[in-house]
file input.cif (mmCIF, C-alpha atoms)
data_coords
loop_
_atom_site.label_atom_id
_atom_site.label_comp_id
_atom_site.auth_asym_id
_atom_site.auth_seq_id
_atom_site.Cartn_x
_atom_site.Cartn_y
_atom_site.Cartn_z
CA MET A 1 18.90 118.92 110.47
CA ARG A 2 16.77 117.59 107.61
CA ILE A 3 17.74 119.12 104.25
CA ARG A 4 16.93 118.49 100.61
CA LEU A 5 19.43 116.30 98.79
CA SER A 6 20.12 119.21 96.40
CA ARG A 7 21.60 121.10 99.36
CA LEU A 8 23.86 118.28 100.54
CA LYS A 9 27.50 119.27 99.99
CA SER A 10 30.79 117.43 100.26
CA GLY A 11 32.06 117.51 103.83
CA MET A 12 28.63 117.46 105.50
CA ILE A 13 28.11 114.56 107.91
CA ILE A 14 25.10 112.30 107.27
CA LYS A 15 23.39 111.72 110.62
CA ASP A 16 21.28 108.57 110.04
CA ASN A 17 21.40 105.33 108.09
CA ILE A 18 19.84 105.75 104.64
CA TYR A 19 17.93 103.02 102.84
CA SER A 20 16.57 102.84 99.31
CA ARG A 21 12.84 102.80 98.64
CA THR A 22 13.02 98.99 98.46
CA GLY A 23 14.75 98.78 101.85
CA THR A 24 18.34 98.27 100.63
CA PHE A 25 20.99 99.76 102.93
CA LEU A 26 22.82 102.61 101.16
CA ILE A 27 24.74 104.84 103.60
CA GLY A 28 25.64 104.45 107.26
CA ALA A 29 25.19 107.07 109.99
CA GLY A 30 28.25 109.29 110.39
CA THR A 31 29.28 109.08 106.73
CA VAL A 32 30.96 112.19 105.32
CA ALA A 33 29.29 113.25 102.08
CA THR A 34 31.37 113.03 98.89
CA PRO A 35 30.44 113.57 95.22
CA ASP A 36 30.15 109.78 94.76
CA ILE A 37 27.84 109.44 97.76
CA ILE A 38 25.68 112.33 96.59
CA SER A 39 25.51 110.69 93.15
CA LEU A 40 24.48 107.37 94.74
CA LEU A 41 21.68 109.01 96.72
CA THR A 42 20.51 110.89 93.65
CA LYS A 43 20.41 107.65 91.65
CA HIS A 44 18.17 106.08 94.29
CA LEU A 45 15.81 109.09 94.29
CA ILE A 46 16.51 110.05 97.91
CA GLU A 47 14.87 113.45 98.47
CA TYR A 48 15.93 114.39 102.01
CA VAL A 49 18.80 113.56 104.39
CA ASN A 50 19.54 114.41 108.01
CA VAL A 51 22.92 116.06 108.56
CA GLU A 52 24.96 116.87 111.66
CA TYR A 53 26.34 120.17 110.40
CA ASP A 54 23.89 123.02 109.79
CA LEU A 55 25.29 126.09 108.07
CA LEU A 56 22.29 128.16 109.05
CA ALA A 57 22.09 127.38 112.75
CA HIS A 58 25.65 126.50 113.74
CA GLY A 59 26.73 127.40 117.26
CA GLN A 60 28.08 130.91 117.73
CA SER A 61 31.10 130.14 119.93
CA GLN A 62 33.49 130.28 117.01
CA THR A 63 35.09 133.44 115.63
CA SER A 64 35.27 134.65 112.06
CA THR A 65 38.19 133.16 110.11
CA ILE A 66 38.08 134.59 106.61
CA THR A 67 41.05 134.30 104.26
CA PRO A 68 41.59 136.67 101.30
CA GLU A 69 41.06 133.75 98.91
CA GLN A 70 37.83 132.78 100.62
CA LYS A 71 36.61 136.37 100.43
CA LYS A 72 37.39 136.43 96.70
CA ILE A 73 35.53 133.18 96.01
CA PHE A 74 32.60 134.31 98.18
CA LYS A 75 32.25 137.50 96.11
CA GLU A 76 32.36 135.46 92.89
CA LYS A 77 29.56 133.18 94.07
CA PHE A 78 27.60 136.18 95.32
CA CYS A 79 27.84 137.80 91.87
CA ILE A 80 26.56 134.59 90.27
CA ALA A 81 23.60 134.61 92.67
CA GLU A 82 22.93 138.26 91.74
CA GLU A 83 22.90 137.38 88.04
CA THR A 84 20.57 134.45 88.68
CA VAL A 85 18.17 136.66 90.64
CA SER A 86 18.33 139.39 87.97
CA LYS A 87 17.54 136.94 85.18
CA ASN A 88 14.59 135.40 87.03
CA LEU A 89 13.03 138.67 88.20
CA LYS A 90 13.29 140.28 84.77
CA LYS A 91 11.67 137.24 83.13
CA MET A 92 8.92 137.30 85.72
CA VAL A 93 8.12 140.95 85.01
CA SER A 94 8.59 141.09 81.23
CA ASN A 95 7.46 137.65 80.16
CA ASP A 96 5.04 136.77 82.95
CA LYS A 97 7.11 133.65 83.70
CA ASP A 98 7.40 131.68 86.94
CA ILE A 99 10.76 131.85 88.67
CA ASP A 100 13.07 128.83 88.75
CA VAL A 101 12.96 128.11 92.48
CA ASN A 102 15.55 125.33 92.38
CA GLU A 103 18.03 127.45 90.42
CA LEU A 104 17.66 130.32 92.86
CA LEU A 105 18.02 128.13 95.95
CA GLU A 106 21.10 126.46 94.48
CA SER A 107 22.75 129.81 93.76
CA LEU A 108 22.10 130.95 97.33
CA ASN A 109 23.40 127.68 98.73
CA GLU A 110 26.66 128.17 96.83
CA VAL A 111 27.13 131.53 98.58
CA VAL A 112 26.39 130.00 101.99
CA THR A 113 28.73 127.08 101.37
CA LYS A 114 31.67 129.33 100.42
CA ALA A 115 31.32 131.18 103.74
CA ASP A 116 31.91 127.85 105.59
CA ASN A 117 29.77 128.83 108.60
CA THR A 118 27.17 131.30 109.81
CA VAL A 119 29.70 133.48 111.61
CA ASN A 120 31.73 134.07 108.44
CA LEU A 121 28.54 134.55 106.42
CA CYS A 122 27.30 137.30 108.75
CA VAL A 123 30.64 139.12 108.76
CA LEU A 124 31.08 138.85 104.99
CA LEU A 125 27.58 140.11 104.24
CA SER A 126 27.89 143.02 106.66
CA LYS A 127 31.28 144.12 105.33
CA MET A 128 30.33 143.75 101.67
CA LYS A 129 27.20 145.83 102.20
CA GLU A 130 29.24 148.92 103.08
CA ASN A 131 29.97 149.47 99.39
CA ALA A 132 27.08 147.70 97.66
CA SER A 133 23.51 148.60 96.78
CA GLY A 134 20.97 147.92 94.03
CA LEU A 135 17.90 145.74 93.76
CA TYR A 136 19.57 142.43 92.97
CA THR A 137 22.31 142.80 95.61
CA HIS A 138 19.63 143.74 98.13
CA SER A 139 17.42 140.80 97.12
CA VAL A 140 20.24 138.28 97.59
CA ASN A 141 21.19 139.83 100.92
CA VAL A 142 17.65 139.80 102.27
CA ALA A 143 17.24 136.18 101.19
CA LEU A 144 20.47 135.23 103.01
CA TRP A 145 19.77 137.29 106.15
CA GLY A 146 16.29 135.84 106.19
CA GLN A 147 17.65 132.29 106.00
CA ILE A 148 20.09 133.00 108.80
CA LEU A 149 17.41 134.42 111.11
CA ALA A 150 14.93 131.68 110.23
CA GLY A 151 17.60 129.10 111.10
CA TRP A 152 18.32 130.81 114.42
CA MET A 153 14.59 130.77 115.17
CA GLY A 154 14.36 127.03 114.52
CA TYR A 155 12.28 127.14 111.33
CA ARG A 156 11.98 123.88 109.41
CA GLU A 157 13.99 123.45 106.21
CA ASP A 158 10.96 123.94 103.97
CA MET A 159 10.12 127.18 105.79
CA ILE A 160 13.71 128.41 105.43
CA GLU A 161 13.45 127.84 101.68
CA LYS A 162 10.20 129.82 101.56
CA VAL A 163 11.95 132.63 103.46
CA ALA A 164 14.76 132.61 100.88
CA ILE A 165 12.36 132.84 97.93
CA THR A 166 10.42 135.62 99.65
CA GLY A 167 13.66 137.52 100.21
CA ILE A 168 14.42 137.32 96.50
CA LEU A 169 10.90 138.42 95.51
CA HIS A 170 10.02 140.93 98.24
CA ASP A 171 11.00 144.04 96.24
CA ILE A 172 10.15 142.82 92.73
CA GLY A 173 7.46 145.52 92.55
CA ILE A 174 10.23 148.13 92.19
CA LEU A 175 10.69 146.89 88.61
CA LYS A 176 7.23 148.26 87.79
CA PHE A 177 8.25 151.88 88.45
CA THR A 178 8.97 154.12 85.47
CA GLN A 179 12.47 155.47 84.92
CA ASN A 180 11.27 158.95 85.93
CA GLU A 181 10.03 157.55 89.24
CA LEU A 182 13.28 155.66 89.77
CA ASP A 183 15.34 158.83 89.31
CA ASP A 184 14.35 159.81 92.86
CA PHE A 185 14.33 156.28 94.28
CA SER A 186 16.36 155.02 97.22
CA PHE A 187 15.94 151.98 99.42
CA HIS A 188 15.92 154.21 102.50
CA LYS A 189 12.92 156.10 101.09
CA GLU A 190 11.28 152.82 100.15
CA LEU A 191 11.08 151.88 103.86
CA GLU A 192 8.60 154.69 104.55
CA MET A 193 5.06 155.42 103.48
CA GLY A 194 5.21 157.66 100.43
CA ALA A 195 5.65 157.63 96.66
CA PHE A 196 7.43 154.28 96.64
CA SER A 197 5.17 152.44 99.08
CA LYS A 198 3.03 151.11 96.22
CA HIS A 199 5.85 148.69 95.31
CA SER A 200 4.36 146.23 97.83
CA MET A 201 1.09 146.11 95.89
CA TYR A 202 2.94 145.97 92.56
CA GLY A 203 4.95 143.02 93.87
CA TYR A 204 1.85 141.18 95.01
CA GLU A 205 0.21 141.69 91.62
CA LEU A 206 3.26 140.11 89.98
CA VAL A 207 3.33 137.02 92.22
CA LYS A 208 -0.33 136.40 93.09
CA ASN A 209 -0.99 134.05 90.14
CA LYS A 210 2.40 132.32 90.17
CA ASP A 211 3.09 128.75 91.24
CA LEU A 212 4.24 129.81 94.72
CA ASP A 213 3.10 129.01 98.24
CA GLN A 214 0.42 131.41 99.47
CA SER A 215 2.51 132.34 102.50
CA ILE A 216 5.23 133.69 100.17
CA LYS A 217 2.70 135.84 98.31
CA GLN A 218 1.33 137.18 101.60
CA ALA A 219 4.83 138.06 102.82
CA VAL A 220 5.64 139.91 99.56
CA LEU A 221 2.51 142.01 100.08
CA THR A 222 3.09 142.65 103.80
CA HIS A 223 6.88 142.93 104.12
CA HIS A 224 6.53 146.59 105.21
CA GLU A 225 3.76 145.95 107.72
CA HIS A 226 4.76 146.36 111.39
CA ALA A 227 3.96 144.46 114.56
CA ASP A 228 2.34 147.60 116.03
CA GLY A 229 0.12 148.16 112.98
CA SER A 230 1.96 151.27 111.75
CA GLY A 231 3.17 149.80 108.46
CA PHE A 232 1.82 149.69 104.92
CA PRO A 233 -0.06 148.99 102.64
CA LEU A 234 -2.75 147.41 104.86
CA GLY A 235 -1.91 148.73 108.34
CA VAL A 236 -2.29 145.29 109.95
CA ASP A 237 -0.49 144.25 113.15
CA ASN A 238 1.49 141.19 114.25
CA LYS A 239 -1.62 139.01 114.63
CA SER A 240 -2.16 139.18 110.86
CA LEU A 241 1.47 138.62 109.81
CA ASN A 242 2.88 135.18 108.99
CA PRO A 243 6.23 133.80 110.24
CA ILE A 244 7.95 134.45 106.90
CA GLN A 245 7.04 138.15 106.99
CA ARG A 246 8.32 138.55 110.56
CA VAL A 247 11.76 137.38 109.47
CA ILE A 248 11.90 139.13 106.09
CA GLU A 249 10.92 142.53 107.52
CA ILE A 250 13.92 142.54 109.87
CA ALA A 251 16.29 141.22 107.19
CA ASP A 252 15.06 143.91 104.77
CA VAL A 253 15.45 146.83 107.18
CA TYR A 254 18.83 145.66 108.48
CA ASP A 255 20.26 145.33 104.99
CA THR A 256 18.82 148.67 103.86
CA LEU A 257 20.25 150.63 106.79
CA LEU A 258 23.70 149.21 106.03
CA MET A 259 23.55 150.69 102.52
CA ARG A 260 25.57 153.66 101.36
CA GLU A 261 23.05 155.91 99.56
CA PRO A 262 23.31 159.65 98.80
CA GLY A 263 21.61 161.76 101.45
CA PHE A 264 21.55 159.05 104.13
CA LYS A 265 24.05 158.28 106.89
CA ARG A 266 25.68 154.90 106.47
CA MET A 267 25.43 152.92 109.69
CA SER A 268 27.65 150.17 111.06
CA PRO A 269 26.00 146.85 112.00
CA PHE A 270 26.01 147.86 115.66
CA GLU A 271 24.47 151.25 114.91
CA VAL A 272 21.74 149.52 112.89
CA LEU A 273 20.98 147.04 115.66
CA ILE A 274 20.85 149.83 118.25
CA HIS A 275 18.48 151.76 115.95
CA LEU A 276 16.22 148.75 115.45
CA ASN A 277 16.00 148.07 119.18
CA GLU A 278 16.03 151.53 120.75
CA VAL A 279 14.28 153.64 118.09
CA GLU A 280 12.00 151.26 116.20
CA GLY A 281 11.66 148.30 118.58
CA ASN A 282 7.84 148.34 118.61
CA LYS A 283 7.72 147.80 114.85
CA TYR A 284 9.12 144.27 114.83
CA ASP A 285 8.17 140.88 116.18
CA PRO A 286 9.84 140.96 119.62
CA SER A 287 11.05 137.36 119.57
CA ALA A 288 12.56 137.65 116.09
CA LEU A 289 14.26 140.97 116.90
CA LEU A 290 15.71 139.66 120.16
CA ILE A 291 17.16 136.55 118.49
CA PHE A 292 18.51 138.51 115.52
CA THR A 293 20.16 141.11 117.75
CA SER A 294 21.78 138.75 120.23
CA ARG A 295 22.94 136.13 117.75
CA LEU A 296 24.17 138.57 115.09
CA ALA A 297 26.09 140.78 117.52
CA GLN A 298 28.04 137.80 118.81
CA THR A 299 29.21 136.84 115.33
CA PHE A 300 31.46 139.91 115.44
CA ILE A 301 33.58 138.66 118.36
CA GLN A 302 37.29 139.29 117.65
CA CYS A 303 36.44 141.59 114.72
CA ARG A 304 38.44 144.80 114.41
CA VAL A 305 36.31 147.92 114.68
CA ARG A 306 36.58 151.71 114.61
CA LEU A 307 34.91 153.85 117.28
CA ASN A 308 33.37 157.28 116.75
CA ASN A 309 36.39 158.91 118.42
CA GLY A 310 38.71 157.40 115.80
CA GLN A 311 40.17 154.67 118.02
CA GLU A 312 40.55 151.21 116.51
CA GLY A 313 40.38 147.99 118.46
CA LYS A 314 39.03 144.47 118.67
CA ILE A 315 35.79 143.17 120.19
CA VAL A 316 36.83 140.78 122.98
CA LEU A 317 33.78 140.34 125.22
CA PHE A 318 30.02 140.78 125.19
CA ASN A 319 28.02 141.85 128.24
CA LYS A 320 24.83 139.78 128.27
CA TYR A 321 22.99 142.71 129.85
CA SER A 322 24.18 145.13 127.16
CA ILE A 323 24.85 142.97 124.11
CA LEU A 324 25.24 145.91 121.72
CA ARG A 325 27.89 147.64 123.81
CA PRO A 326 30.79 145.14 124.04
CA LEU A 327 34.27 145.39 125.58
CA ILE A 328 36.84 146.64 123.05
CA GLN A 329 40.58 146.03 123.34
CA VAL A 330 42.43 149.14 122.15
CA GLY A 331 46.19 148.57 122.16
CA SER A 332 47.09 147.26 125.61
CA GLY A 333 43.99 148.80 127.20
CA PHE A 334 40.25 148.23 127.13
CA VAL A 335 37.18 150.37 126.44
CA ASP A 336 33.89 149.16 127.94
CA LEU A 337 31.15 150.59 125.74
CA ALA A 338 28.57 149.62 128.38
CA LEU A 339 30.18 152.29 130.58
CA ARG A 340 31.18 154.73 127.84
CA LYS A 341 27.81 155.79 126.44
CA ASP A 342 29.52 158.56 124.45
CA LEU A 343 31.32 155.98 122.30
CA ASN A 344 29.98 153.55 119.71
CA ILE A 345 31.17 151.31 116.89
CA VAL A 346 30.96 153.09 113.54
CA GLU A 347 32.76 150.63 111.26
CA LEU A 348 33.86 147.01 110.92
CA LEU A 349 37.46 146.82 109.69
CA ASP A 350 39.08 144.13 107.53
#

call {"tool": "encode", "arguments": {"input": "input.cif", "output": "structure tokens"}}
result
Amino acid sequence: MRIRLSRLKSGMIIKDNIYSRTGTFLIGAGTVATPDIISLLTKHLIEYVNVEYDLLAHGQSQTSTITPEQKKIFKEKFCIAEETVSKNLKKMVSNDKDIDVNELLESLNEVVTKADNTVNLCVLLSKMKENASGLYTHSVNVALWGQILAGWMGYREDMIEKVAITGILHDIGILKFTQNELDDFSFHKELEMGAFSKHSMYGYELVKNKDLDQSIKQAVLTHHEHADGSGFPLGVDNKSLNPIQRVIEIADVYDTLLMREPGFKRMSPFEVLIHLNEVEGNKYDPSALLIFTSRLAQTFIQCRVRLNNGQEGKIVLFNKYSILRPLIQVGSGFVDLALRKDLNIVELLD
């Protein structure tokens, strides 16, 4: 995969020979990146490199292997990303400043890197969301989920970066509400047409004159539009929505439905995916929803879960014809959720 040099990290494998702008050989194919090598490439003004290992589109055969120390470091990097997003969004609203795109992308990349792979990243984000809410947490999450889905869909690196920036900016319009309006605010309410639906227009007003790609501005405006035309604020359908919007909408809704907010039932990742597919399936780009559902569900293989009858077990097998109803090992026995329609996964366990 072709990535910017700023995203090259120690341990990544450089795929091709690299030459300077004058044709001098610098690095051979198969070289493992180190700080010295990254410094050498920076010195020679190399902007992009091809790497073998892609954190955003890595194969899903592996299982989650998260240590307590890794979880701790991941949370620390996530908090730094939150602070970076908070600082940039507040400046953008109060001082009419442009955001620092490179700073934001670097802070997100640090979070991704600490997860080691996409499987761990998906599990960590889903588990952390059970007890986290707020604009800046949500913005970081949507940016990361958007990157993950864009990678699964085969988007180019520059498009993945645009998705990340859109994820950070998509709800910036919320900062234009008064405190009285925010007293009754929730992200669940924000998904529907109503008092808070004007945040999409507020957000567009904030970004329309900034030094950002037009596709990002369009996606900020339309992130609550639906493929079937039932969304807001314009009521346009999939033919009028760009590829960034199609990814961000799913990332936004998935992250919101995982939230714990007063007055709303907290859902497990599997409950959210079932809801998106069986209740709201017509709202989303079918290709993006299919890829998100199938790839995300499989990242939870071997995860411990709790069922709605109180039983605890481990996901051991996915049925390709019923991906959201896997086989669960409970003690020495097994529960096939594809056959037990009365049971479902209500919680991921540590």

call {"tool": "resolve_selection", "arguments": {"input": "input.cif", "expression": "the PyMOL selection byres ((chain A and resi 337) around 12)", "output": "JSON list (two decimals) with C-alpha atoms, in the coordinates of the input"}}
result
[["chain", "number", "residue", "atom", "x", "y", "z"],
["A", 270, "PHE", "CA", 26.01, 147.86, 115.66],
["A", 307, "LEU", "CA", 34.91, 153.85, 117.28],
["A", 308, "ASN", "CA", 33.37, 157.28, 116.75],
["A", 315, "ILE", "CA", 35.79, 143.17, 120.19],
["A", 316, "VAL", "CA", 36.83, 140.78, 122.98],
["A", 317, "LEU", "CA", 33.78, 140.34, 125.22],
["A", 318, "PHE", "CA", 30.02, 140.78, 125.19],
["A", 319, "ASN", "CA", 28.02, 141.85, 128.24],
["A", 322, "SER", "CA", 24.18, 145.13, 127.16],
["A", 323, "ILE", "CA", 24.85, 142.97, 124.11],
["A", 324, "LEU", "CA", 25.24, 145.91, 121.72],
["A", 325, "ARG", "CA", 27.89, 147.64, 123.81],
["A", 326, "PRO", "CA", 30.79, 145.14, 124.04],
["A", 327, "LEU", "CA", 34.27, 145.39, 125.58],
["A", 328, "ILE", "CA", 36.84, 146.64, 123.05],
["A", 329, "GLN", "CA", 40.58, 146.03, 123.34],
["A", 330, "VAL", "CA", 42.43, 149.14, 122.15],
["A", 334, "PHE", "CA", 40.25, 148.23, 127.13],
["A", 335, "VAL", "CA", 37.18, 150.37, 126.44],
["A", 336, "ASP", "CA", 33.89, 149.16, 127.94],
["A", 338, "ALA", "CA", 28.57, 149.62, 128.38],
["A", 339, "LEU", "CA", 30.18, 152.29, 130.58],
["A", 340, "ARG", "CA", 31.18, 154.73, 127.84],
["A", 341, "LYS", "CA", 27.81, 155.79, 126.44],
["A", 342, "ASP", "CA", 29.52, 158.56, 124.45],
["A", 343, "LEU", "CA", 31.32, 155.98, 122.30],
["A", 344, "ASN", "CA", 29.98, 153.55, 119.71],
["A", 345, "ILE", "CA", 31.17, 151.31, 116.89]]

call {"tool": "residues_around", "arguments": {"input": "input.cif", "residues": "segment 180-190 of chain A", "least_positions_apart": "2", "cutoff": "10 Å", "atoms": "only C-alpha atoms", "output": "PyMOL selection string"}}
result
chain A and resi 133-135+138+171+174-178+192-200+224+252-253+255-264

call {"tool": "residues_around", "arguments": {"input": "input.cif", "residues": "segment 78-91 of chain A", "least_positions_apart": "3", "cutoff": "9 Å", "atoms": "only C-alpha atoms", "output": "list in words"}}
result
Ile73, Phe74, Lys75, Ser94, Asn95, Asp96, Lys97, Asp98, Ile99, Asp100, Glu103, Leu104, Glu106, Ser107, Leu108, Glu110, Val111, Leu135, Tyr136, Thr137, Ser139, Val140, Ile168, Leu169, Ile172 and Leu175 of chain A

call {"tool": "atom_distance", "arguments": {"input": "input.cif", "atom1": "atom CA of Arg21 of chain A", "atom2": "atom CA of Ile38 of chain A"}}
result
16.1 Å

call {"tool": "atom_distance", "arguments": {"input": "input.cif", "atom1": "atom CA of Val207 of chain A", "atom2": "atom CA of Val163 of chain A"}}
result
14.8 Å

call {"tool": "closest_residue", "arguments": {"input": "input.cif", "among": "A:Ser230, A:Gln147, A:Thr65, A:Asn50", "to": "Phe292 of chain A", "atoms": "only C-alpha atoms"}}
result
A:Gln147

call {"tool": "atom_distance", "arguments": {"input": "input.cif", "atom1": "atom CA of Met201 of chain A", "atom2": "atom CA of Val101 of chain A"}}
result
21.8 Å

call {"tool": "resolve_selection", "arguments": {"input": "input.cif", "expression": "the PyMOL selection byres ((chain A and resi 301) around 7)", "output": "PyMOL selection string"}}
result
chain A and resi 63+298-300+302-303+315-316

call {"tool": "resolve_selection", "arguments": {"input": "input.cif", "expression": "the PyMOL selection byres ((chain A and resi 280) around 12)", "output": "list in words"}}
result
His226, Ala227, Asp228, Ser230, Gly231, Ile250, Val253, Tyr254, Val272, Leu273, Ile274, His275, Leu276, Asn277, Glu278, Val279, Gly281, Asn282, Lys283, Tyr284, Asp285, Pro286 and Leu289 of chain A

call {"tool": "closest_residue", "arguments": {"input": "input.cif", "among": "A:Thr34, A:Thr22, A:Asn238, A:Gln245", "to": "Gly146 of chain A", "atoms": "all atoms listed in the file"}}
result
A:Gln245

call {"tool": "residues_around", "arguments": {"input": "input.cif", "residues": "Ile244 of chain A", "least_positions_apart": "6", "cutoff": "10 Å", "atoms": "only C-alpha atoms", "output": "PyMOL selection string"}}
result
chain A and resi 146-147+150+155+159-160+162-164+166-167+215-216+218-220+223

call {"tool": "residues_around", "arguments": {"input": "input.cif", "residues": "Arg4 of chain A", "least_positions_apart": "2", "cutoff": "8 Å", "atoms": "only C-alpha atoms", "output": "JSON, numbers by chain"}}
result
{"A": [2, 6, 7, 8, 47, 48, 49]}

call {"tool": "residues_around", "arguments": {"input": "input.cif", "residues": "Lys9 of chain A", "least_positions_apart": "2", "cutoff": "12 Å", "atoms": "all atoms listed in the file", "output": "list in words"}}
result
Ile3, Arg4, Leu5, Ser6, Arg7, Gly11, Met12, Ile13, Ile14, Val32, Ala33, Thr34, Pro35, Asp36, Ile37, Ile38, Ser39, Val49, Val51, Tyr53, Asp54, Leu55, Glu106, Asn109, Glu110, Val112, Thr113, Lys114 and Asp116 of chain A

call {"tool": "closest_residue", "arguments": {"input": "input.cif", "among": "A:Ile165, A:Ser287, A:Leu221, A:Ala251", "to": "Asn102 of chain A", "atoms": "only C-alpha atoms"}}
result
A:Ile165

call {"tool": "closest_residue", "arguments": {"input": "input.cif", "among": "A:Val346, A:Ala115, A:Leu26, A:Leu125", "to": "Leu296 of chain A", "atoms": "all atoms listed in the file"}}
result
A:Leu125

call {"tool": "closest_residue", "arguments": {"input": "input.cif", "among": "A:Thr222, A:Tyr202, A:Trp152, A:Leu191", "to": "Val236 of chain A", "atoms": "only C-alpha atoms"}}
result
A:Thr222

call {"tool": "decode", "arguments": {"input": "input.cif", "residues": "segment 6-12 of chain A", "atoms": "all heavy atoms", "output": "PDB file, in the first residue's frame"}}
result
ATOM      1  N   SER A   6       5.026  10.466   6.386  1.00  0.00           N
ATOM      2  CA  SER A   6       4.701  10.825   7.764  1.00  0.00           C
ATOM      3  C   SER A   6       3.982   9.702   8.499  1.00  0.00           C
ATOM      4  O   SER A   6       3.931   9.684   9.723  1.00  0.00           O
ATOM      5  CB  SER A   6       3.833  12.092   7.785  1.00  0.00           C
ATOM      6  OG  SER A   6       2.601  11.876   7.129  1.00  0.00           O
ATOM      7  N   ARG A   7       3.424   8.735   7.752  1.00  0.00           N
ATOM      8  CA  ARG A   7       2.714   7.625   8.369  1.00  0.00           C
ATOM      9  C   ARG A   7       3.550   6.345   8.411  1.00  0.00           C
ATOM     10  O   ARG A   7       3.079   5.314   8.879  1.00  0.00           O
ATOM     11  CB  ARG A   7       1.395   7.364   7.626  1.00  0.00           C
ATOM     12  CG  ARG A   7       0.481   8.578   7.586  1.00  0.00           C
ATOM     13  CD  ARG A   7      -0.897   8.242   7.106  1.00  0.00           C
ATOM     14  NE  ARG A   7      -1.629   7.499   8.125  1.00  0.00           N
ATOM     15  CZ  ARG A   7      -2.854   7.016   7.942  1.00  0.00           C
ATOM     16  NH1 ARG A   7      -3.467   7.197   6.791  1.00  0.00           N
ATOM     17  NH2 ARG A   7      -3.471   6.365   8.905  1.00  0.00           N
ATOM     18  N   LEU A   8       4.778   6.415   7.921  1.00  0.00           N
ATOM     19  CA  LEU A   8       5.673   5.259   7.997  1.00  0.00           C
ATOM     20  C   LEU A   8       6.188   5.102   9.419  1.00  0.00           C
ATOM     21  O   LEU A   8       6.704   6.047  10.016  1.00  0.00           O
ATOM     22  CB  LEU A   8       6.850   5.448   7.030  1.00  0.00           C
ATOM     23  CG  LEU A   8       7.870   4.296   6.977  1.00  0.00           C
ATOM     24  CD1 LEU A   8       7.222   3.036   6.401  1.00  0.00           C
ATOM     25  CD2 LEU A   8       9.092   4.696   6.150  1.00  0.00           C
ATOM     26  N   LYS A   9       6.024   3.920   9.993  1.00  0.00           N
ATOM     27  CA  LYS A   9       6.427   3.653  11.365  1.00  0.00           C
ATOM     28  C   LYS A   9       7.454   2.526  11.420  1.00  0.00           C
ATOM     29  O   LYS A   9       7.492   1.664  10.545  1.00  0.00           O
ATOM     30  CB  LYS A   9       5.209   3.272  12.225  1.00  0.00           C
ATOM     31  CG  LYS A   9       4.159   4.356  12.322  1.00  0.00           C
ATOM     32  CD  LYS A   9       4.683   5.579  13.051  1.00  0.00           C
ATOM     33  CE  LYS A   9       3.644   6.669  13.160  1.00  0.00           C
ATOM     34  NZ  LYS A   9       4.175   7.887  13.813  1.00  0.00           N
ATOM     35  N   SER A  10       8.261   2.546  12.464  1.00  0.00           N
ATOM     36  CA  SER A  10       9.236   1.481  12.664  1.00  0.00           C
ATOM     37  C   SER A  10       8.526   0.134  12.675  1.00  0.00           C
ATOM     38  O   SER A  10       7.476  -0.016  13.300  1.00  0.00           O
ATOM     39  CB  SER A  10       9.980   1.688  13.990  1.00  0.00           C
ATOM     40  OG  SER A  10      10.743   2.858  13.959  1.00  0.00           O
ATOM     41  N   GLY A  11       9.121  -0.834  11.963  1.00  0.00           N
ATOM     42  CA  GLY A  11       8.537  -2.170  11.901  1.00  0.00           C
ATOM     43  C   GLY A  11       7.787  -2.433  10.611  1.00  0.00           C
ATOM     44  O   GLY A  11       7.599  -3.597  10.232  1.00  0.00           O
ATOM     45  N   MET A  12       7.343  -1.375   9.915  1.00  0.00           N
ATOM     46  CA  MET A  12       6.689  -1.576   8.625  1.00  0.00           C
ATOM     47  C   MET A  12       7.735  -1.999   7.593  1.00  0.00           C
ATOM     48  O   MET A  12       8.896  -1.601   7.658  1.00  0.00           O
ATOM     49  CB  MET A  12       5.979  -0.300   8.170  1.00  0.00           C
ATOM     50  CG  MET A  12       4.767   0.066   9.006  1.00  0.00           C
ATOM     51  SD  MET A  12       3.924   1.547   8.354  1.00  0.00           S
ATOM     52  CE  MET A  12       2.503   1.623   9.434  1.00  0.00           C
TER      53      MET A  12
END
